[in-house]
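Data from final05.txt: compact mmCIF, C-alpha atoms
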# COMPACT_ATOMS: atom_id res chain seq x y z
CA MET A 7 81.61 92.70 101.74
CA ASN A 8 82.14 90.26 104.52
CA PRO A 9 85.54 88.82 105.23
CA SER A 10 84.31 87.42 108.55
CA GLN A 11 85.99 90.14 110.55
CA CYS A 12 88.41 90.36 107.66
CA LEU A 13 88.76 93.17 105.26
CA SER A 14 86.86 93.90 102.21
CA ASP A 15 85.38 97.16 101.16
CA ARG A 16 85.53 98.56 104.64
CA ARG A 17 87.59 101.64 105.31
CA SER A 18 89.37 103.38 108.15
CA PHE A 19 92.01 106.00 108.59
CA LEU A 20 95.54 106.00 109.93
CA LYS A 21 96.01 108.43 112.74
CA GLY A 22 99.16 109.68 114.40
CA VAL A 23 102.43 111.41 113.74
CA SER A 24 103.40 111.86 110.09
CA LEU A 25 100.57 109.74 108.69
CA GLY A 26 97.75 112.24 108.87
CA THR A 27 94.06 111.34 108.75
CA GLY A 28 93.40 110.86 105.03
CA GLY A 29 93.76 107.69 103.06
CA LEU A 30 91.62 104.61 103.01
CA LEU A 31 92.90 101.57 104.83
CA LEU A 32 92.01 97.97 105.26
CA ALA A 33 89.08 97.20 107.46
CA PRO A 34 90.73 95.77 110.55
CA LEU A 35 91.92 99.29 111.32
CA LEU A 36 88.34 99.71 112.49
CA GLN A 37 89.29 97.53 115.41
CA LYS A 38 91.55 98.31 118.31
CA VAL A 39 94.23 95.78 119.02
CA ALA A 40 92.67 93.04 121.13
CA ALA A 41 94.53 90.84 123.59
CA ALA A 42 96.39 88.19 121.66
CA ALA A 43 95.18 84.61 121.99
CA ASP A 44 96.12 81.06 121.07
CA GLY A 45 99.81 81.78 121.52
CA ASN A 46 99.83 84.92 119.37
CA VAL A 47 101.69 86.93 121.96
CA THR A 48 104.21 89.67 121.28
CA PRO A 49 107.54 88.76 122.93
CA PRO A 50 108.14 90.62 126.18
CA ALA A 51 110.21 93.78 126.02
CA GLY A 52 113.90 93.19 126.36
CA LYS A 53 113.74 89.52 125.41
CA ALA A 54 114.53 88.71 121.81
CA PRO A 55 112.77 85.68 120.32
CA ALA A 56 114.70 82.98 118.53
CA GLY A 57 115.31 83.55 114.83
CA LEU A 58 113.12 81.61 112.42
CA ARG A 59 114.48 79.07 109.97
CA LEU A 60 112.29 79.57 106.93
CA ALA A 61 111.42 77.24 104.10
CA TRP A 62 111.11 80.06 101.59
CA ASP A 63 109.03 79.88 98.41
CA ARG A 64 109.57 83.17 96.64
CA SER A 65 109.54 85.03 93.35
CA SER A 66 110.58 88.47 92.11
CA TRP A 67 107.51 89.79 93.99
CA ASN A 68 109.16 89.02 97.32
CA VAL A 69 109.86 91.92 99.72
CA GLU A 70 110.90 89.90 102.79
CA ARG A 71 114.26 91.24 103.92
CA SER A 72 114.18 91.02 107.69
CA GLU A 73 117.86 90.32 108.40
CA PRO A 74 118.85 93.93 109.31
CA LEU A 75 115.82 94.24 111.60
CA CYS A 76 116.61 90.93 113.29
CA LYS A 77 120.17 92.08 113.89
CA ALA A 78 118.95 95.37 115.41
CA ALA A 79 116.49 93.47 117.62
CA GLY A 80 119.12 91.01 118.83
CA ILE A 81 117.40 88.10 117.09
CA GLU A 82 119.83 85.35 116.16
CA GLY A 83 119.31 82.48 113.74
CA HIS A 84 116.98 84.09 111.17
CA ARG A 85 117.80 82.31 107.91
CA TYR A 86 116.42 80.77 104.75
CA LEU A 87 116.56 77.07 104.00
CA SER A 88 115.53 76.94 100.35
CA PRO A 89 116.63 78.47 97.03
CA LEU A 90 114.72 80.88 94.81
CA ALA A 91 111.61 79.52 93.07
CA SER A 92 111.30 76.49 95.30
CA THR A 93 108.92 73.68 94.39
CA VAL A 94 106.84 71.22 96.37
CA GLU A 95 109.55 68.66 95.80
CA LYS A 96 112.18 70.99 97.28
CA ILE A 97 110.12 72.20 100.25
CA THR A 98 108.75 68.83 101.41
CA PRO A 99 112.12 67.29 102.39
CA ILE A 100 113.00 70.42 104.36
CA MET A 101 109.79 70.04 106.38
CA GLU A 102 110.47 66.36 106.98
CA THR A 103 113.93 67.00 108.41
CA GLY A 104 112.45 69.21 111.15
CA GLN A 105 114.80 72.06 110.24
CA ALA A 106 112.07 74.53 109.33
CA ASP A 107 110.35 76.73 111.90
CA ALA A 108 107.92 78.16 109.33
CA TYR A 109 106.99 78.21 105.66
CA LEU A 110 107.14 81.56 103.85
CA LEU A 111 105.45 82.18 100.50
CA CYS A 112 106.04 85.39 98.51
CA THR A 113 104.53 85.32 95.03
CA HIS A 114 102.54 87.39 92.54
CA ASN A 115 100.88 84.28 91.15
CA ASP A 116 97.45 83.02 92.17
CA LEU A 117 97.81 82.60 95.93
CA GLY A 118 94.44 80.86 95.97
CA ALA A 119 95.85 77.98 93.93
CA TYR A 120 98.49 77.34 96.60
CA LEU A 121 95.70 77.12 99.17
CA ASP A 122 93.32 75.06 97.01
CA ASP A 123 95.74 72.31 96.02
CA GLY A 124 96.47 71.40 99.63
CA ARG A 125 100.23 71.98 99.58
CA ILE A 126 100.26 74.65 102.30
CA GLN A 127 98.21 72.53 104.68
CA LYS A 128 100.50 69.56 103.99
CA PHE A 129 103.60 71.69 104.60
CA ILE A 130 102.18 72.78 107.95
CA GLU A 131 101.22 69.24 108.95
CA ARG A 132 104.70 67.96 108.07
CA GLY A 133 106.30 70.87 109.87
CA LEU A 134 104.32 70.19 113.05
CA LYS A 135 105.06 66.48 112.88
CA HIS A 136 108.81 66.96 112.71
CA ASN A 137 109.22 70.19 114.71
CA PRO A 138 107.05 70.72 117.84
CA ASN A 139 107.84 74.46 117.71
CA PHE A 140 106.75 74.91 114.09
CA ARG A 141 105.01 78.30 113.78
CA GLY A 142 103.02 77.81 110.57
CA ALA A 143 102.89 79.50 107.16
CA PHE A 144 103.43 83.18 106.39
CA LEU A 145 101.83 84.23 103.10
CA GLN A 146 102.57 87.58 101.48
CA LEU A 147 99.45 89.39 100.28
CA GLY A 148 100.89 91.40 97.43
CA TRP A 149 99.75 94.23 95.20
CA LEU A 150 97.88 93.90 91.90
CA VAL A 151 99.63 93.23 88.61
CA HIS A 152 98.90 96.24 86.34
CA ASP A 153 96.74 97.65 89.17
CA GLY A 154 93.98 95.26 88.19
CA GLY A 155 93.67 96.43 84.57
CA GLN A 156 90.56 97.82 82.91
CA GLU A 157 88.31 96.86 85.82
CA THR A 158 89.97 99.47 88.02
CA GLY A 159 90.01 102.21 85.42
CA THR A 160 93.75 102.11 84.86
CA GLY A 161 93.58 101.49 81.12
CA GLU A 162 96.56 99.77 79.55
CA ILE A 163 99.75 100.06 81.57
CA LYS A 164 102.84 100.03 79.37
CA THR A 165 105.32 101.89 81.58
CA GLY A 166 105.85 102.55 85.25
CA ASP A 167 104.62 106.13 84.83
CA ASP A 168 101.20 104.82 83.79
CA TYR A 169 100.50 104.02 87.43
CA GLU A 170 99.96 107.73 88.00
CA LYS A 171 96.69 107.36 86.04
CA SER A 172 95.24 104.70 88.31
CA ASP A 173 92.05 105.33 90.26
CA LEU A 174 93.41 104.28 93.65
CA ALA A 175 89.96 103.84 95.21
CA ARG A 176 89.01 101.35 92.50
CA VAL A 177 92.34 99.56 92.76
CA GLN A 178 91.85 99.24 96.53
CA ALA A 179 88.32 97.92 96.02
CA LYS A 180 89.57 95.13 93.76
CA LEU A 181 92.42 94.35 96.14
CA ASP A 182 89.84 94.10 98.93
CA ARG A 183 87.71 91.66 96.94
CA GLU A 184 90.69 89.46 96.11
CA ARG A 185 91.87 89.52 99.71
CA LYS A 186 88.46 88.48 100.96
CA VAL A 187 88.60 85.33 98.84
CA ILE A 188 92.07 84.46 100.16
CA GLU A 189 91.00 85.06 103.76
CA ALA A 190 88.04 82.70 103.40
CA LYS A 191 90.34 79.95 102.11
CA VAL A 192 92.81 80.60 104.92
CA ASP A 193 90.04 80.53 107.52
CA ALA A 194 88.84 77.15 106.28
CA ILE A 195 92.33 75.62 106.56
CA ASN A 196 92.93 77.17 109.98
CA ARG A 197 89.68 75.63 111.21
CA LYS A 198 90.79 72.22 109.96
CA LEU A 199 94.07 72.65 111.83
CA GLY A 200 92.23 73.78 114.97
CA ARG A 201 94.09 77.06 115.40
CA GLN A 202 95.66 79.89 113.45
CA MET A 203 98.56 78.36 111.55
CA ILE A 204 98.41 80.49 108.40
CA PHE A 205 99.30 84.17 108.77
CA LEU A 206 98.81 86.79 106.09
CA VAL A 207 101.28 89.65 105.55
CA PRO A 208 99.22 92.61 104.18
CA VAL A 209 101.96 94.18 102.07
CA GLY A 210 99.56 95.13 99.25
CA ASP A 211 97.38 97.20 101.57
CA ALA A 212 100.39 98.90 103.11
CA ILE A 213 101.63 99.84 99.64
CA MET A 214 98.21 101.18 98.68
CA GLU A 215 98.16 103.46 101.72
CA LEU A 216 101.68 104.66 100.93
CA ARG A 217 100.59 105.47 97.37
CA ARG A 218 97.64 107.46 98.70
CA MET A 219 99.92 109.37 101.04
CA ILE A 220 102.29 110.25 98.20
CA ALA A 221 99.44 111.27 95.89
CA ALA A 222 98.13 113.55 98.64
CA GLY A 223 101.56 115.11 99.22
CA ARG A 224 101.87 113.57 102.70
CA PHE A 225 105.09 111.59 102.21
CA PRO A 226 108.29 113.67 102.27
CA GLY A 227 110.68 113.63 99.35
CA VAL A 228 108.54 111.67 96.89
CA ALA A 229 106.37 113.39 94.29
CA LYS A 230 104.98 110.42 92.33
CA GLN A 231 103.19 107.44 93.84
CA SER A 232 104.50 105.31 90.96
CA ALA A 233 107.92 105.75 92.59
CA VAL A 234 106.88 103.04 95.05
CA PHE A 235 107.72 100.51 92.33
CA SER A 236 110.83 99.75 90.27
CA GLY A 237 109.67 101.59 87.15
CA ASP A 238 108.64 98.61 85.02
CA SER A 239 105.09 97.92 83.90
CA MET A 240 104.35 94.83 86.00
CA PRO A 241 105.20 96.48 88.56
CA HIS A 242 108.09 94.93 90.47
CA PRO A 243 108.95 96.36 93.89
CA GLY A 244 111.19 99.40 94.22
CA ALA A 245 113.13 100.75 97.19
CA LEU A 246 110.01 102.01 98.97
CA SER A 247 108.17 98.71 98.44
CA PHE A 248 111.13 96.73 99.71
CA GLU A 249 111.48 98.81 102.83
CA LEU A 250 107.78 98.90 103.69
CA GLY A 251 107.41 95.19 102.93
CA ARG A 252 110.39 94.38 105.12
CA TYR A 253 108.74 96.08 108.09
CA CYS A 254 105.44 94.27 107.45
CA HIS A 255 107.08 90.84 107.26
CA PHE A 256 109.19 91.43 110.35
CA ALA A 257 106.16 92.58 112.35
CA VAL A 258 104.14 89.52 111.38
CA MET A 259 106.89 86.95 111.88
CA TYR A 260 108.21 88.29 115.19
CA ARG A 261 105.17 90.22 116.50
CA MET A 262 107.47 93.12 117.23
CA ASN A 263 107.10 96.80 116.39
CA PRO A 264 109.76 97.91 113.87
CA MET A 265 109.34 101.46 115.19
CA ASP A 266 111.41 100.37 118.19
CA LEU A 267 114.41 99.54 116.00
CA ASP A 268 117.07 102.01 114.92
CA VAL A 269 117.27 100.86 111.31
CA VAL A 270 117.20 102.94 108.13
CA GLY A 271 116.20 101.06 105.01
CA GLU A 272 116.74 101.27 101.27
CA THR A 273 115.55 104.86 101.09
CA LYS A 274 118.47 106.00 103.29
CA SER A 275 116.15 108.57 104.86
CA ALA A 276 115.52 108.38 108.61
CA GLU A 277 112.38 110.50 108.21
CA GLN A 278 110.91 108.23 105.53
CA SER A 279 111.89 105.09 107.43
CA ALA A 280 110.10 106.30 110.55
CA ILE A 281 106.89 106.86 108.58
CA LEU A 282 107.14 103.48 106.83
CA LYS A 283 107.72 101.66 110.13
CA LYS A 284 104.65 103.29 111.66
CA LEU A 285 102.56 102.59 108.59
CA ALA A 286 103.56 98.90 108.61
CA TRP A 287 102.86 98.47 112.32
CA ASP A 288 99.54 100.33 112.20
CA ILE A 289 98.29 97.95 109.53
CA VAL A 290 99.81 94.66 110.68
CA SER A 291 99.04 95.02 114.39
CA LYS A 292 95.34 95.59 113.76
CA TYR A 293 94.84 92.90 111.14
CA PRO A 294 93.65 89.64 112.77
CA HIS A 295 94.94 87.45 109.94
CA ALA A 296 98.47 88.70 110.65
CA GLY A 297 98.40 87.08 114.09
CA ILE A 298 98.81 90.00 116.50
CA ALA A 299 95.25 91.25 116.89
CA LYS A 300 92.87 88.58 118.20
CA TYR A 301 91.85 85.97 115.64
CA ASP A 302 88.92 83.64 116.37
CA VAL A 303 89.12 80.53 114.17
CA SER A 304 85.52 79.56 114.89
CA ALA A 305 84.15 82.93 113.78
CA ARG A 306 85.74 83.02 110.33
CA SER A 307 83.99 82.62 106.99
CA ASP A 308 83.60 79.34 105.10
CA VAL A 309 82.92 81.00 101.76
CA ALA A 310 83.90 84.49 100.69
CA GLY A 311 81.05 86.79 101.60
CA ASN A 312 79.44 84.50 104.20
CA ALA A 313 80.47 84.94 107.80
CA ALA A 314 80.18 82.28 110.45
CA PRO A 315 78.98 84.12 113.59
CA ALA A 316 80.85 83.80 116.83
CA ALA A 317 79.45 81.35 119.35
CA GLY A 318 76.39 82.72 121.11
CA VAL A 319 75.85 85.47 118.53
CA VAL A 320 72.80 85.49 116.28
CA ALA A 321 73.72 85.78 112.60
CA PRO A 322 72.62 88.95 110.77
CA ALA A 323 69.27 88.67 109.05
CA LYS A 324 66.93 90.86 107.03
CA THR A 325 64.86 92.97 109.43
CA GLU A 326 62.29 95.70 109.09
CA ALA A 327 65.13 98.22 109.08
CA LEU A 328 66.71 96.54 106.03
CA LYS A 329 63.57 96.19 103.95
CA GLY A 330 64.05 97.85 100.58
CA TRP A 331 67.84 97.79 100.85
CA ASN A 332 70.00 95.56 98.68
CA ALA A 333 73.55 94.53 99.59
CA THR A 334 76.27 95.75 97.24
CA GLN A 335 80.03 95.35 96.84
CA ASP A 336 80.33 98.83 95.31
CA LEU A 337 82.06 101.49 97.36
CA PRO A 338 79.96 104.45 98.47
CA ASP A 339 81.08 108.03 97.92
CA ASP A 340 84.17 109.12 99.86
CA THR A 341 81.95 111.46 101.88
CA VAL A 342 80.04 108.44 103.17
CA VAL A 343 83.27 106.55 103.90
CA THR A 344 84.59 109.47 105.93
CA ASP A 345 81.31 109.86 107.80
CA TYR A 346 80.88 106.25 108.89
CA ASN A 347 84.50 106.07 110.02
CA ASP A 348 83.88 109.19 112.12
CA TYR A 349 80.78 107.45 113.50
CA ILE A 350 82.86 104.41 114.50
CA GLU A 351 85.50 106.60 116.13
CA ARG A 352 82.75 108.27 118.22
CA LEU A 353 81.26 105.01 119.51
CA PRO A 354 81.53 104.50 123.27
CA LYS A 355 84.93 103.27 124.34
CA ALA A 356 83.47 99.92 125.42
CA GLU A 357 81.89 99.31 122.00
CA ARG A 358 84.68 100.30 119.61
CA PRO A 359 86.75 97.09 120.06
CA GLY A 360 83.63 95.11 119.12
CA VAL A 361 83.33 96.55 115.62
CA SER A 362 83.66 93.47 113.43
CA ASP A 363 82.38 94.31 109.98
CA VAL A 364 80.89 96.93 107.68
CA LYS A 365 78.40 96.24 104.88
CA TYR A 366 77.08 98.47 102.10
CA TYR A 367 73.51 98.77 100.80
CA VAL A 368 71.66 100.68 98.07
CA ASP A 369 67.93 101.13 97.48
CA GLY A 370 67.94 101.83 93.72
CA THR A 371 66.97 105.49 94.10
CA GLY A 372 70.46 106.87 94.70
CA ARG A 373 70.46 106.45 98.45
CA ASN A 374 73.09 104.48 100.38
CA ALA A 375 73.19 102.74 103.73
CA VAL A 376 76.09 101.40 105.75
CA ALA A 377 75.63 98.65 108.35
CA VAL A 378 78.25 98.71 111.10
CA LEU A 379 78.26 95.41 113.01
CA VAL A 380 79.24 95.67 116.66
CA ASN A 381 79.63 92.79 119.13
CA ALA A 382 78.59 94.16 122.51
CA GLY A 383 76.86 92.79 125.59
CA GLY A 384 76.87 89.22 124.30
CA ALA A 385 74.99 90.12 121.11
CA GLN A 386 75.78 91.39 117.64
CA TRP A 387 74.26 94.81 117.07
CA THR A 388 73.71 96.42 113.69
CA HIS A 389 74.06 100.20 113.44
CA LEU A 390 72.38 101.12 110.14
CA LEU A 391 73.49 104.54 108.87
CA VAL A 392 71.27 105.91 106.07
CA TYR A 393 72.41 108.54 103.54
CA ASP A 394 70.38 110.60 101.10
CA LYS A 395 71.15 111.19 97.42
CA GLN A 396 73.57 113.98 98.39
CA ASN A 397 75.47 111.53 100.64
CA LYS A 398 74.32 113.26 103.81
CA ARG A 399 73.49 111.03 106.74
CA THR A 400 69.79 111.22 107.54
CA GLY A 401 69.46 108.73 110.36
CA VAL A 402 70.80 105.82 112.39
CA THR A 403 68.86 102.71 113.39
CA ARG A 404 70.25 100.23 115.92
CA PHE A 405 69.00 96.68 116.36
CA VAL A 406 70.19 93.28 117.48
CA ALA A 407 70.90 91.02 114.51
CA GLY A 408 67.96 88.77 113.79
CA LYS A 409 65.52 90.83 115.90

Just dump the structure as structure tokens.
Amino acid sequence: MNPSQCLSDRRSFLKGVSLGTGGLLLAPLLQKVAAAADGNVTPPAGKAPAGLRLAWDRSSWNVERSEPLCKAAGIEGHRYLSPLASTVEKITPIMETGQADAYLLCTHNDLGAYLDDGRIQKFIERGLKHNPNFRGAFLQLGWLVHDGGQETGTGEIKTGDDYEKSDLARVQAKLDRERKVIEAKVDAINRKLGRQMIFLVPVGDAIMELRRMIAAGRFPGVAKQSAVFSGDSMPHPGALSFELGRYCHFAVMYRMNPMDLDVVGETKSAEQSAILKKLAWDIVSKYPHAGIAKYDVSARSDVAGNAAPAAGVVAPAKTEALKGWNATQDLPDDTVVTDYNDYIERLPKAERPGVSDVKYYVDGTGRNAVAVLVNAGGAQWTHLLVYDKQNKRTGVTRFVAGK
């Protein structure tokens, strides 16, 4: 698990009003929001940014509906320049006219294919050539069709109610693995462009956390987590998905907190809307690929699972402390997940912002270990937490990577 400061099988917990402390989240929630860089700056309070003119490539998976939020924020000019199910042939002329401020892709199809065939990079290059203020590409990271199928223990999904049977931890693990691959491809293109020009909207992770909240009885007025969707087997988005996705997209595109806006969404419930706004902002604002938290192009991974270390930092290597341990993509027991997140929360205040990754290890005897990587004092430290067969932590070893 190594999305080069991206997500993968790392976990953290939402904290704060209404959201509680349960529920696994994407890894960047391990990090505190860092100062934005490379132009990724939230607009100053009281000054509305200009609305974006979007070359929009979308499908029935799309949950971008930012118009009401833009209106509430005083943002003028937010509009879409292309019809449903746009093609390369339809998008390219829009880029070449200089009308577009950004490219927006919302699809349930293989997002990796859009990155591999070069079209997104070409759209960005054309956009920059014809519009000096072109922002880049916003790509929606969606949820899994059929919750990932047999691999995630869902069995065959024939109706919307079948989503109640899903093992949400296994669904999240697969979503993490798929996201890691996408992030690596995005990182490679961003490096070619010299700065962050592709931004990811983590709608799928936000929806997973909402489902966990509902399953745990922590979301008012909703008894079934399958109610997040429309009720079909695919599943298409429902009112809750649309509202949560809207807040995620708005936060990424405008780097503004939807919690500050007096808007009630599709659910028509002010209480639910407040929780969904907070959930969206908590996830988006701490996710470097979304463009608000600091994103270092040079420190991102070339290939999924292989991180390129930041300048001046020694890359992790096998040490005496790791002898006998084998890296794994499998999630440890929830007890271990809870414990290492508590460990991270208890790190000194100066070290917590430096948490960049978490890796899992097994030794073949039933024991687990978790390596928490922390950039501090100009070096990358590894905090190796070891757990016995009963998932109780038995020790912590700290060492500088490569030492």

May I have the residues at most 12 Å from (91.2, 73.8, 107.1) in the file's coordinates, counting all atoms listed in the file, as a ChimeraX atom specification?
/A:121-122,124-128,130-131,189-204,303-304,306-308

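Between Ala229 in chain A and the residues A:Thr388, A:Arg217, A:Gly370, A:Ser291, the shortest atom-to-atom distance, using all atoms listed in the file, involves A:Arg217.
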
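A straight line drawn from CA of Trp67 in chain A to CA of Met265 in chain A is 24.3 Å long.
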
Point-to-point distance from CA of Tyr109 in chain A to CA of Leu60 in chain A, Å rounded to tenths
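Distance between the two atoms: 5.6 Å.
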
What's around range 165-177 of chain A at 7 Å? Count all atoms listed in the file, leave out sequence neighbours fewer than 2 positions away in its own chain, and write the answer as a ChimeraX atom specification.
/A:153-154,158-160,163,179-181,231-232,237-239,241

Would you work out the distance separating CA of Asn397 in chain A from CA of Lys292 in chain A, expressed in Å to one decimal?
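CA of Asn397 in chain A sits 28.7 Å away from CA of Lys292 in chain A.
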
If we count only C-alpha atoms, what is near Asp211 in chain A at a cut-off of 10 Å, once residues fewer than 3 positions away on the same chain are taken out, given as a ChimeraX atom specification?
/A:30-32,147-149,178,181-182,185,207-208,214-217,286,289-290

Neighbour list for Gly271 in chain A as a ChimeraX atom specification, cut-off 9 Å, only C-alpha atoms, skip fewer than 5 positions in-chain
/A:74,245-246,248-250,252,276,278-279

Selection near Gly251 in chain A, 10 Å with only C-alpha atoms, sequence-local residues under 5 positions removed, as a ChimeraX atom specification
/A:68-72,146,148,207-210,212-213,243,245-246,256-257,282-283,286

For range 392-395 of chain A, please output as a PyMOL selection string all residues within 6 Å (counting all atoms listed in the file; exclusion window: fewer than 5 positions along the same chain).
chain A and resi 372-375+400-401

Keeping C-alpha atoms, export the residues of the selection given above as an mmCIF file, in the coordinates of the input.
data_model
loop_
_atom_site.group_PDB
_atom_site.id
_atom_site.type_symbol
_atom_site.label_atom_id
_atom_site.label_comp_id
_atom_site.auth_asym_id
_atom_site.auth_seq_id
_atom_site.Cartn_x
_atom_site.Cartn_y
_atom_site.Cartn_z
ATOM 1 C CA GLY A 372 70.460 106.870 94.700
ATOM 2 C CA ARG A 373 70.460 106.450 98.450
ATOM 3 C CA ASN A 374 73.090 104.480 100.380
ATOM 4 C CA ALA A 375 73.190 102.740 103.730
ATOM 5 C CA THR A 400 69.790 111.220 107.540
ATOM 6 C CA GLY A 401 69.460 108.730 110.360
#

Taking (68.5, 99.7, 100.7) in the file's own coordinates, collect the residues within 6 Å, counting all atoms listed in the file, and hand them back as a ChimeraX atom specification.
/A:330-332,367-369

Measuring atom to atom with only C-alpha atoms, identify which of A:Gly360, A:Gly104, A:Pro354, A:Pro294 is nearest to Ala385 in chain A.
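So, comparing all the options, the nearest one is A:Gly360.
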
Let me know the centre plus edge lengths, in Å and rounded to one decimal, of a box with edges along x, y and z that contains all listed atoms of range 134-140 of chain A and is padded by 5 Å on every side, as AutoDock Vina command-line options.
--center_x 106.8 --center_y 70.7 --center_z 115.3 --size_x 14.9 --size_y 18.4 --size_z 15.1

With distances taken over all atoms listed in the file, which residue among A:Ala382, A:Val376, A:Ala56, A:Ala78 lies nearest Asp345 in chain A?
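For Asp345 in chain A, the nearest of the given residues is A:Val376.
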